[in-house]
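The data block below is input.csv; it holds CSV, C-alpha atoms.
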chain,number,residue,atom,x,y,z
A,941,MET,CA,226.0,139.5,-25.7
A,942,ALA,CA,228.2,142.3,-24.4
A,943,TRP,CA,230.4,143.5,-21.7
A,944,GLU,CA,229.1,146.9,-20.4
A,945,THR,CA,231.4,149.4,-18.8
A,946,ARG,CA,229.8,150.9,-15.7
A,947,GLU,CA,230.3,154.5,-14.6
A,948,ARG,CA,231.7,153.3,-11.2
A,949,GLY,CA,234.3,151.3,-13.2
A,950,GLY,CA,234.5,147.6,-14.0
A,951,ARG,CA,232.9,145.6,-16.7
A,952,TYR,CA,229.5,143.9,-16.5
A,953,TYR,CA,228.5,141.0,-18.7
A,954,THR,CA,225.0,141.0,-20.1
A,955,ARG,CA,223.3,138.8,-22.7
A,956,SER,CA,220.0,139.0,-24.6
A,957,ARG,CA,217.5,136.3,-25.3
A,958,ARG,CA,214.1,136.1,-26.9
A,959,SER,CA,211.2,135.5,-24.4
A,960,LEU,CA,209.5,132.1,-25.0
A,961,GLU,CA,206.2,133.6,-23.9
A,962,ASP,CA,205.8,136.7,-26.0
A,963,GLY,CA,208.9,136.8,-28.2
A,964,ARG,CA,210.2,140.0,-26.8
A,965,ILE,CA,214.0,140.5,-26.4
A,966,LEU,CA,215.0,140.3,-22.8
A,967,ARG,CA,218.3,141.4,-21.5
A,968,GLU,CA,219.9,139.3,-18.7
A,969,TYR,CA,222.3,140.9,-16.4
A,970,VAL,CA,224.8,138.1,-15.6
A,971,GLY,CA,227.4,139.9,-13.4
A,972,THR,CA,231.0,140.6,-13.2
A,973,GLY,CA,234.3,138.9,-12.2
A,974,PRO,CA,235.5,135.4,-12.8
A,975,PHE,CA,232.0,133.9,-12.9
A,976,ALA,CA,230.9,136.3,-15.6
A,977,GLU,CA,234.1,135.5,-17.6
A,978,ILE,CA,233.2,131.8,-17.5
A,979,VAL,CA,229.6,132.5,-18.6
A,980,ALA,CA,230.8,134.8,-21.4
A,981,GLN,CA,233.3,132.2,-22.6
A,982,SER,CA,230.6,129.5,-22.5
A,983,ASP,CA,228.3,131.7,-24.5
A,984,ARG,CA,231.0,132.4,-27.1
A,985,THR,CA,231.8,128.7,-27.5
A,986,GLY,CA,228.0,128.0,-27.9
A,987,ARG,CA,227.8,130.7,-30.6
A,988,GLU,CA,230.8,129.3,-32.4
A,989,LEU,CA,229.4,125.8,-32.3
A,990,ALA,CA,226.1,127.0,-33.6
A,991,GLU,CA,227.7,128.9,-36.4
A,992,ALA,CA,229.9,125.9,-37.4
A,993,GLU,CA,226.7,123.7,-37.4
A,994,ARG,CA,225.0,126.3,-39.6
A,995,GLN,CA,227.9,126.3,-42.0
A,996,GLN,CA,227.9,122.5,-42.1
A,997,GLU,CA,224.2,122.5,-42.7
A,998,ARG,CA,224.6,125.0,-45.6
A,999,ALA,CA,227.3,122.9,-47.1
A,1000,ARG,CA,225.2,119.8,-46.8
A,1001,HIS,CA,222.2,121.5,-48.4
A,1002,GLY,CA,224.4,122.8,-51.2
A,1003,GLN,CA,225.6,119.2,-51.8
A,1004,GLU,CA,222.0,117.9,-51.7
A,1005,LEU,CA,220.9,120.6,-54.2
A,1006,GLU,CA,223.8,119.7,-56.5
A,1007,ARG,CA,222.8,116.0,-56.4
A,1008,LEU,CA,219.2,117.0,-57.1
A,1009,GLU,CA,220.3,119.1,-60.0
A,1010,ALA,CA,222.3,116.2,-61.4
A,1011,LEU,CA,219.2,114.0,-61.2
A,1012,VAL,CA,217.1,116.7,-62.9
A,1013,ALA,CA,219.6,117.6,-65.7
A,1014,PRO,CA,219.0,114.5,-68.0
A,1015,VAL,CA,215.2,114.9,-67.8
A,1016,LEU,CA,215.6,118.6,-68.7
A,1017,GLU,CA,217.8,117.7,-71.6
A,1018,LEU,CA,215.2,115.2,-72.8
A,1019,ASP,CA,212.5,117.8,-72.3
A,1020,HIS,CA,214.4,120.4,-74.3
A,1021,ALA,CA,215.3,117.9,-77.1
A,1022,ALA,CA,211.6,116.6,-77.3
A,1023,GLU,CA,210.3,120.2,-77.6
A,1024,VAL,CA,212.8,121.0,-80.4
A,1025,LEU,CA,212.2,117.8,-82.3
A,1026,ALA,CA,208.4,118.0,-82.0
A,1027,ARG,CA,208.4,121.5,-83.3
A,1028,ALA,CA,210.8,120.7,-86.1
A,1029,GLU,CA,208.7,117.6,-87.2
A,1030,LEU,CA,205.5,119.6,-87.2
A,1031,LEU,CA,207.0,122.5,-89.2
A,1032,ALA,CA,208.7,120.1,-91.6
A,1033,ALA,CA,205.3,118.4,-92.1
A,1034,GLY,CA,203.8,121.7,-93.2
A,1035,TYR,CA,202.2,123.0,-90.0
A,1036,HIS,CA,202.6,126.5,-88.6
A,1037,ARG,CA,201.7,128.1,-85.4
A,1038,HIS,CA,198.9,130.7,-85.4
A,1039,LYS,CA,198.3,132.4,-82.0
A,1040,GLY,CA,199.9,129.4,-80.2
A,1041,GLU,CA,197.7,126.9,-82.1
A,1042,TRP,CA,199.2,124.5,-84.7
A,1043,ARG,CA,197.6,124.7,-88.1
A,1044,ARG,CA,198.3,123.1,-91.5
A,1045,ALA,CA,199.4,125.7,-94.0
A,1046,ARG,CA,197.4,126.0,-97.3
A,1047,GLY,CA,199.2,124.2,-100.1
A,1048,GLU,CA,201.1,122.0,-97.6
A,1049,ALA,CA,198.4,119.3,-97.4
A,1050,ASN,CA,200.6,116.5,-98.6
A,1051,ALA,CA,203.9,117.8,-97.3
A,1052,HIS,CA,205.8,115.8,-94.8
A,1053,PRO,CA,209.5,115.4,-93.9
A,1054,ASN,CA,210.0,112.7,-96.5
A,1055,SER,CA,208.5,114.6,-99.4
A,1056,ALA,CA,210.9,117.5,-99.5
B,653,MET,CA,223.9,105.6,-58.6
B,654,HIS,CA,224.1,101.8,-59.0
B,655,THR,CA,225.4,101.7,-62.5
B,656,PRO,CA,227.6,104.2,-64.3
B,657,ILE,CA,225.5,105.1,-67.3
B,658,ALA,CA,225.7,108.0,-69.8
B,659,LEU,CA,222.9,110.4,-69.1
B,660,GLU,CA,223.8,113.1,-71.6
B,661,LEU,CA,223.2,113.5,-75.2
B,662,SER,CA,226.4,113.4,-77.3
B,663,GLU,CA,227.9,116.7,-78.6
B,664,ASP,CA,226.8,115.6,-82.1
B,665,ALA,CA,223.2,115.1,-81.1
B,666,ARG,CA,223.2,118.4,-79.3
B,667,ALA,CA,224.6,120.1,-82.4
B,668,ARG,CA,221.8,118.6,-84.5
B,669,ILE,CA,219.2,119.7,-82.0
B,670,ALA,CA,220.6,123.2,-82.1
B,671,GLU,CA,220.5,123.2,-85.9
B,672,LEU,CA,216.9,121.9,-85.9
B,673,ARG,CA,216.0,124.7,-83.5
B,674,ALA,CA,217.7,127.4,-85.6
B,675,LEU,CA,216.0,126.2,-88.8
B,676,SER,CA,212.6,125.9,-87.0
B,677,GLU,CA,212.9,129.6,-86.0
B,678,LYS,CA,213.7,130.6,-89.5
B,679,VAL,CA,210.7,128.6,-90.8
B,680,GLU,CA,208.5,130.3,-88.2
B,681,ALA,CA,209.8,133.6,-89.3
B,682,GLY,CA,208.5,132.9,-92.8
B,683,ASP,CA,211.6,131.6,-94.6
B,684,LYS,CA,210.4,129.2,-97.3
B,685,GLU,CA,213.8,127.9,-98.2
B,686,ALA,CA,214.4,127.1,-94.6
B,687,ARG,CA,211.4,124.8,-94.6
B,688,LYS,CA,212.9,122.7,-97.4
B,689,GLU,CA,216.2,122.6,-95.5
B,690,LEU,CA,214.3,121.7,-92.3
B,691,ARG,CA,212.6,118.8,-94.1
B,692,ARG,CA,215.9,117.5,-95.3
B,693,LEU,CA,217.4,117.8,-91.9
B,694,VAL,CA,214.4,116.2,-90.1
B,695,ARG,CA,214.6,113.3,-92.6
B,696,ALA,CA,218.3,112.9,-92.2
B,697,SER,CA,218.9,113.4,-88.5
B,698,SER,CA,215.7,113.5,-86.6
B,699,PRO,CA,215.2,109.7,-86.3
B,700,GLU,CA,218.6,109.2,-84.8
B,701,VAL,CA,218.4,112.1,-82.4
B,702,ILE,CA,214.9,110.9,-81.4
B,703,GLY,CA,216.3,107.4,-80.7
B,704,ARG,CA,219.2,108.8,-78.6
B,705,ALA,CA,217.0,111.2,-76.6
B,706,SER,CA,214.4,108.5,-76.0
B,707,ASP,CA,217.2,106.3,-74.7
B,708,ILE,CA,218.5,109.1,-72.3
B,709,GLY,CA,214.9,109.5,-71.1
B,710,ARG,CA,214.5,105.8,-70.3
B,711,ARG,CA,217.8,105.7,-68.4
B,712,ALA,CA,217.1,108.9,-66.6
B,713,GLY,CA,213.7,107.4,-65.5
B,714,ARG,CA,215.4,104.3,-64.1
B,715,VAL,CA,218.0,106.4,-62.2
B,716,LEU,CA,215.1,108.5,-60.7
B,717,ALA,CA,213.2,105.3,-59.8
B,718,TYR,CA,216.3,103.9,-58.1
B,719,THR,CA,216.8,107.1,-56.1
B,720,ALA,CA,213.1,107.2,-55.2
B,721,ALA,CA,213.2,103.6,-54.0
B,722,GLY,CA,215.8,104.6,-51.4
B,723,GLY,CA,217.6,101.2,-51.5
B,724,ASP,CA,214.4,99.1,-51.2
B,725,PRO,CA,214.7,96.5,-54.0
B,726,LEU,CA,210.9,95.8,-54.0
B,727,THR,CA,210.0,99.5,-54.4
B,728,GLU,CA,212.7,99.8,-57.1
B,729,GLU,CA,211.3,96.9,-59.1
B,730,ALA,CA,207.7,98.2,-58.5
B,731,LEU,CA,208.7,101.6,-59.9
B,732,TYR,CA,210.4,100.1,-62.9
B,733,ALA,CA,207.3,98.1,-63.6
B,734,LYS,CA,205.2,101.2,-63.1
B,735,LEU,CA,207.3,103.2,-65.6
B,736,ASP,CA,207.0,100.3,-68.2
B,737,ALA,CA,203.3,100.1,-67.7
B,738,MET,CA,203.0,103.9,-68.2
B,739,ARG,CA,205.1,103.7,-71.4
B,740,MET,CA,202.9,101.0,-72.8
B,741,GLU,CA,199.7,102.8,-71.8
B,742,ILE,CA,200.7,106.3,-73.0
B,743,ALA,CA,202.5,105.3,-76.2
B,744,GLY,CA,199.7,103.0,-77.3
B,745,GLU,CA,199.9,100.6,-80.2
B,746,ASN,CA,202.4,101.3,-83.1
B,747,PRO,CA,203.6,104.7,-81.8
B,748,THR,CA,205.7,106.8,-84.2
B,749,PRO,CA,209.3,107.5,-83.0
B,750,LEU,CA,208.2,111.1,-82.1
B,751,GLU,CA,205.4,109.7,-80.0
B,752,VAL,CA,207.8,107.3,-78.3
B,753,LEU,CA,210.1,110.3,-77.5
B,754,LEU,CA,207.2,112.4,-76.2
B,755,THR,CA,206.0,109.4,-74.1
B,756,GLU,CA,209.4,109.0,-72.6
B,757,ARG,CA,209.4,112.7,-71.8
B,758,VAL,CA,206.0,112.4,-70.0
B,759,VAL,CA,207.1,109.2,-68.1
B,760,SER,CA,210.5,110.7,-67.0
B,761,LEU,CA,208.8,114.0,-65.9
B,762,TRP,CA,206.2,112.0,-64.0
B,763,MET,CA,208.9,110.1,-62.1
B,764,LEU,CA,210.8,113.3,-61.5
B,765,THR,CA,207.8,115.0,-60.1
B,766,ALA,CA,206.9,112.1,-57.9
B,767,LEU,CA,210.5,111.9,-56.5
B,768,LEU,CA,210.6,115.7,-55.9
B,769,GLU,CA,207.2,115.6,-54.1
B,770,VAL,CA,208.6,112.9,-51.8
B,771,LEU,CA,211.8,114.9,-51.1
B,772,VAL,CA,210.0,118.1,-50.4
B,773,SER,CA,207.4,116.5,-48.1
B,774,ALA,CA,210.3,114.8,-46.2
B,775,GLN,CA,211.9,118.2,-45.7
B,776,TYR,CA,208.7,119.6,-44.3
B,777,GLN,CA,208.3,116.6,-41.9
B,778,LYS,CA,211.9,117.1,-40.7
B,779,ARG,CA,211.2,120.8,-40.2
B,780,LEU,CA,208.1,120.1,-38.2
B,781,GLY,CA,209.4,117.1,-36.3
B,782,ASP,CA,212.8,118.2,-35.0
B,783,GLY,CA,212.9,121.8,-33.8
B,784,ALA,CA,216.6,121.5,-32.8
B,785,LYS,CA,217.8,120.7,-36.3
B,786,ARG,CA,215.6,122.8,-38.5
B,787,ILE,CA,216.0,122.7,-42.3
B,788,SER,CA,216.6,126.2,-43.6
B,789,PRO,CA,213.6,127.8,-45.3
B,790,SER,CA,215.7,128.8,-48.3
B,791,TYR,CA,216.6,125.1,-48.9
B,792,ILE,CA,212.9,124.1,-48.9
B,793,VAL,CA,212.1,127.1,-51.2
B,794,GLN,CA,214.7,126.0,-53.7
B,795,GLN,CA,213.5,122.4,-53.7
B,796,SER,CA,209.9,123.6,-54.1
B,797,ARG,CA,210.9,125.7,-57.1
B,798,ILE,CA,212.5,122.7,-58.8
B,799,LEU,CA,209.3,120.8,-58.1
B,800,ASP,CA,207.1,123.6,-59.4
B,801,SER,CA,209.2,123.7,-62.6
B,802,ALA,CA,209.1,119.9,-63.1
B,803,THR,CA,205.3,119.9,-62.6
B,804,ARG,CA,204.8,122.6,-65.2
B,805,ARG,CA,207.0,120.8,-67.6
B,806,TYR,CA,205.1,117.5,-66.9
B,807,LEU,CA,201.8,119.0,-67.7
B,808,ALA,CA,203.2,120.8,-70.8
B,809,ALA,CA,204.6,117.4,-72.0
B,810,ILE,CA,201.2,115.8,-71.7
B,811,ARG,CA,199.6,118.6,-73.7
B,812,GLU,CA,202.4,118.4,-76.4
B,813,LEU,CA,201.9,114.6,-76.8
B,814,ALA,CA,198.1,115.1,-77.2
B,815,ARG,CA,198.7,117.9,-79.7
B,816,VAL,CA,201.1,115.9,-81.8
B,817,ARG,CA,198.8,112.9,-81.8
B,818,LYS,CA,195.9,115.0,-82.9
B,819,LEU,CA,197.9,116.6,-85.7
B,820,GLN,CA,199.5,113.3,-86.8
B,821,ALA,CA,196.1,111.6,-86.9
B,822,THR,CA,195.1,114.0,-89.7
B,823,ALA,CA,198.5,114.0,-91.5
B,824,PRO,CA,199.8,111.6,-94.1
B,825,PRO,CA,201.9,108.8,-92.6
B,826,VAL,CA,205.6,109.6,-92.2
B,827,GLN,CA,208.1,106.9,-92.9
B,828,VAL,CA,211.1,107.0,-90.5
B,829,ASN,CA,213.7,104.4,-90.2
B,830,THR,CA,214.2,104.2,-86.5
B,831,GLN,CA,213.5,101.4,-84.1
B,832,VAL,CA,212.9,102.4,-80.5
B,833,ASN,CA,212.2,99.6,-78.0
B,834,ILE,CA,209.9,101.2,-75.4
B,835,LEU,CA,210.5,98.4,-72.9
B,836,ALA,CA,214.2,98.3,-73.2
B,837,GLY,CA,215.9,98.9,-69.8

If you took the structure in this file and wrote it as structure tokens, what would it be?
Amino acid sequence: MAWETRERGGRYYTRSRRSLEDGRILREYVGTGPFAEIVAQSDRTGRELAEAERQQERARHGQELERLEALVAPVLELDHAAEVLARAELLAAGYHRHKGEWRRARGEANAHPNSA
Amino acid sequence: MHTPIALELSEDARARIAELRALSEKVEAGDKEARKELRRLVRASSPEVIGRASDIGRRAGRVLAYTAAGGDPLTEEALYAKLDAMRMEIAGENPTPLEVLLTERVVSLWMLTALLEVLVSAQYQKRLGDGAKRISPSYIVQQSRILDSATRRYLAAIRELARVRKLQATAPPVQVNTQVNILAG
């Protein structure tokens, strides 16, 4: 959206829009004078409204993501705790990890957490 | 949320988990003294922490079910029943406290994954259905990432439970003094 200054003097309001048919950017020559002023003002208001709506939408999405994270957090805490506890119990019971696989260490056959 | 419930582990439980984790790392690094200390700590604090974490998992599952039901009491009750049935089926008869915890983890992650799938698909429908008020792609991408992470954790939780069961089946029985009611709301 722009006011162009012509060589002969005066300002000329133009605006761009994307073609619905082939997606190309088309420039519309609206005109000059009071009519062009009204169209320019209307375009500006439209842009401001759209921007305000986008900001609202971003804020709403931010809130929704926060709510989602609040729902996910306890499950992640449980997930983390379970992982640590399972690993600790297995290690305490005499297992060890070999290339990602849990194995019982030699000499630890009867070891378990209550036999320390 | 319909009831104000604590959905976080206490600072004490977190500290114990951090301690168990640090000792486990030492054991895995080959520290034999650390293994003895880990055994002592597992015996002393693991049952209580397992009980608390299982409780958090159960409560979190209910909150997720409540959210997924979207205010429909019948769906809410059906989801609670589904969670209880899953617990019974997955935990099996006479589960050890660790199995109860790992079961709770599987059930909670299943509920979370199901809820996220519904939310993500609802966003896609909104995006397709109403061109005037489109959902931003970045929002859908963020939601999808959370879903992706939850799905991976869910599958890992199933594998972990199966692994622990297999190992415990060949290990001597471990006496732990914890009571965890798997059907308690």

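Among A:Lys1039, A:Arg958, A:Arg1027, A:Arg967, the residue with the shortest atom-to-atom distance to chain B, counting all atoms listed in the file, is A:Arg1027.
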
Can I get the residues of chain A within 9 Å of chain B, each with the closest pair of atoms and their distance in Å to one decimal, using all atoms listed in the file, sorted chain first then ascending number, as CSV?
residue,atom,partner,partner_atom,distance
A:Glu997,CA,B:Ile787,CA,8.2
A:Arg998,CA,B:Ser788,CA,8.3
A:His1001,CA,B:Tyr791,CA,6.7
A:Gly1002,CA,B:Tyr791,CA,8.5
A:Leu1005,CA,B:Gln795,CA,7.6
A:Leu1008,CA,B:Gln795,CA,8.6
A:Glu1009,CA,B:Ile798,CA,8.7
A:Leu1011,CA,B:Leu716,CA,6.9
A:Val1012,CA,B:Leu764,CA,7.3
A:Ala1013,CA,B:Glu660,CA,8.5
A:Pro1014,CA,B:Leu659,CA,5.8
A:Val1015,CA,B:Gly709,CA,6.3
A:Leu1016,CA,B:Leu761,CA,8.7
A:Glu1017,CA,B:Glu660,CA,7.6
A:Leu1018,CA,B:Ala705,CA,5.8
A:Asp1019,CA,B:Arg757,CA,6.0
A:Ala1021,CA,B:Ile669,CA,6.5
A:Ala1022,CA,B:Leu754,CA,6.2
A:Glu1023,CA,B:Glu812,CA,8.2
A:Val1024,CA,B:Arg673,CA,5.8
A:Leu1025,CA,B:Ser698,CA,7.0
A:Ala1026,CA,B:Leu750,CA,6.9
A:Arg1027,CA,B:Ser676,CA,7.1
A:Ala1028,CA,B:Ser676,CA,5.6
A:Glu1029,CA,B:Val694,CA,6.5
A:Leu1030,CA,B:Val816,CA,7.9
A:Leu1031,CA,B:Ser676,CA,6.9
A:Ala1032,CA,B:Arg691,CA,4.8
A:Ala1033,CA,B:Arg691,CA,7.6
A:Gly1034,CA,B:Arg687,CA,8.3
A:Tyr1035,CA,B:Leu819,CA,8.8
A:His1036,CA,B:Glu680,CA,7.0
A:Arg1037,CA,B:Glu680,CA,7.7
A:Trp1042,CA,B:Leu819,CA,8.1
A:Arg1043,CA,B:Leu819,CA,8.5
A:Arg1044,CA,B:Leu819,CA,8.7
A:Ala1049,CA,B:Ala823,CA,7.9
A:Asn1050,CA,B:Pro824,CA,6.7
A:Ala1051,CA,B:Pro824,CA,8.1
A:His1052,CA,B:Val826,CA,6.7
A:Pro1053,CA,B:Arg691,CA,4.6
A:Asn1054,CA,B:Arg695,CA,6.1
A:Ser1055,CA,B:Arg691,CA,7.9
A:Ala1056,CA,B:Arg691,CA,5.8

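Going from atom CA of His1038 of chain A to atom CA of Ala681 of chain B covers 11.9 Å.
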
Original post:
Suppose you want the space between atom CA of Tyr952 of chain A and atom CA of Gly971 of chain A; what is it in Å?
Top reply: 5.5 Å

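The spacing separating atom CA of Gln981 of chain A from atom CA of Arg957 of chain A amounts to 16.5 Å.
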
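Across B:Ala733, B:Trp762, B:Lys778, B:Val770, the tightest approach to Arg804 of chain B is made by B:Trp762 when counting only C-alpha atoms.
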
Would you list the contacts of Glu968 of chain A as a JSON list (two decimals) with C-alpha atoms, in the frame of the given file, taking every protein, DNA or RNA residue within 6 Å and counting only C-alpha atoms, but skipping same-chain residues closer than 4 positions in sequence?
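The resulting result.json:
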[["chain", "number", "residue", "atom", "x", "y", "z"],
["A", 954, "THR", "CA", 225.00, 141.00, -20.10],
["A", 955, "ARG", "CA", 223.30, 138.80, -22.70],
["A", 956, "SER", "CA", 220.00, 139.00, -24.60]]
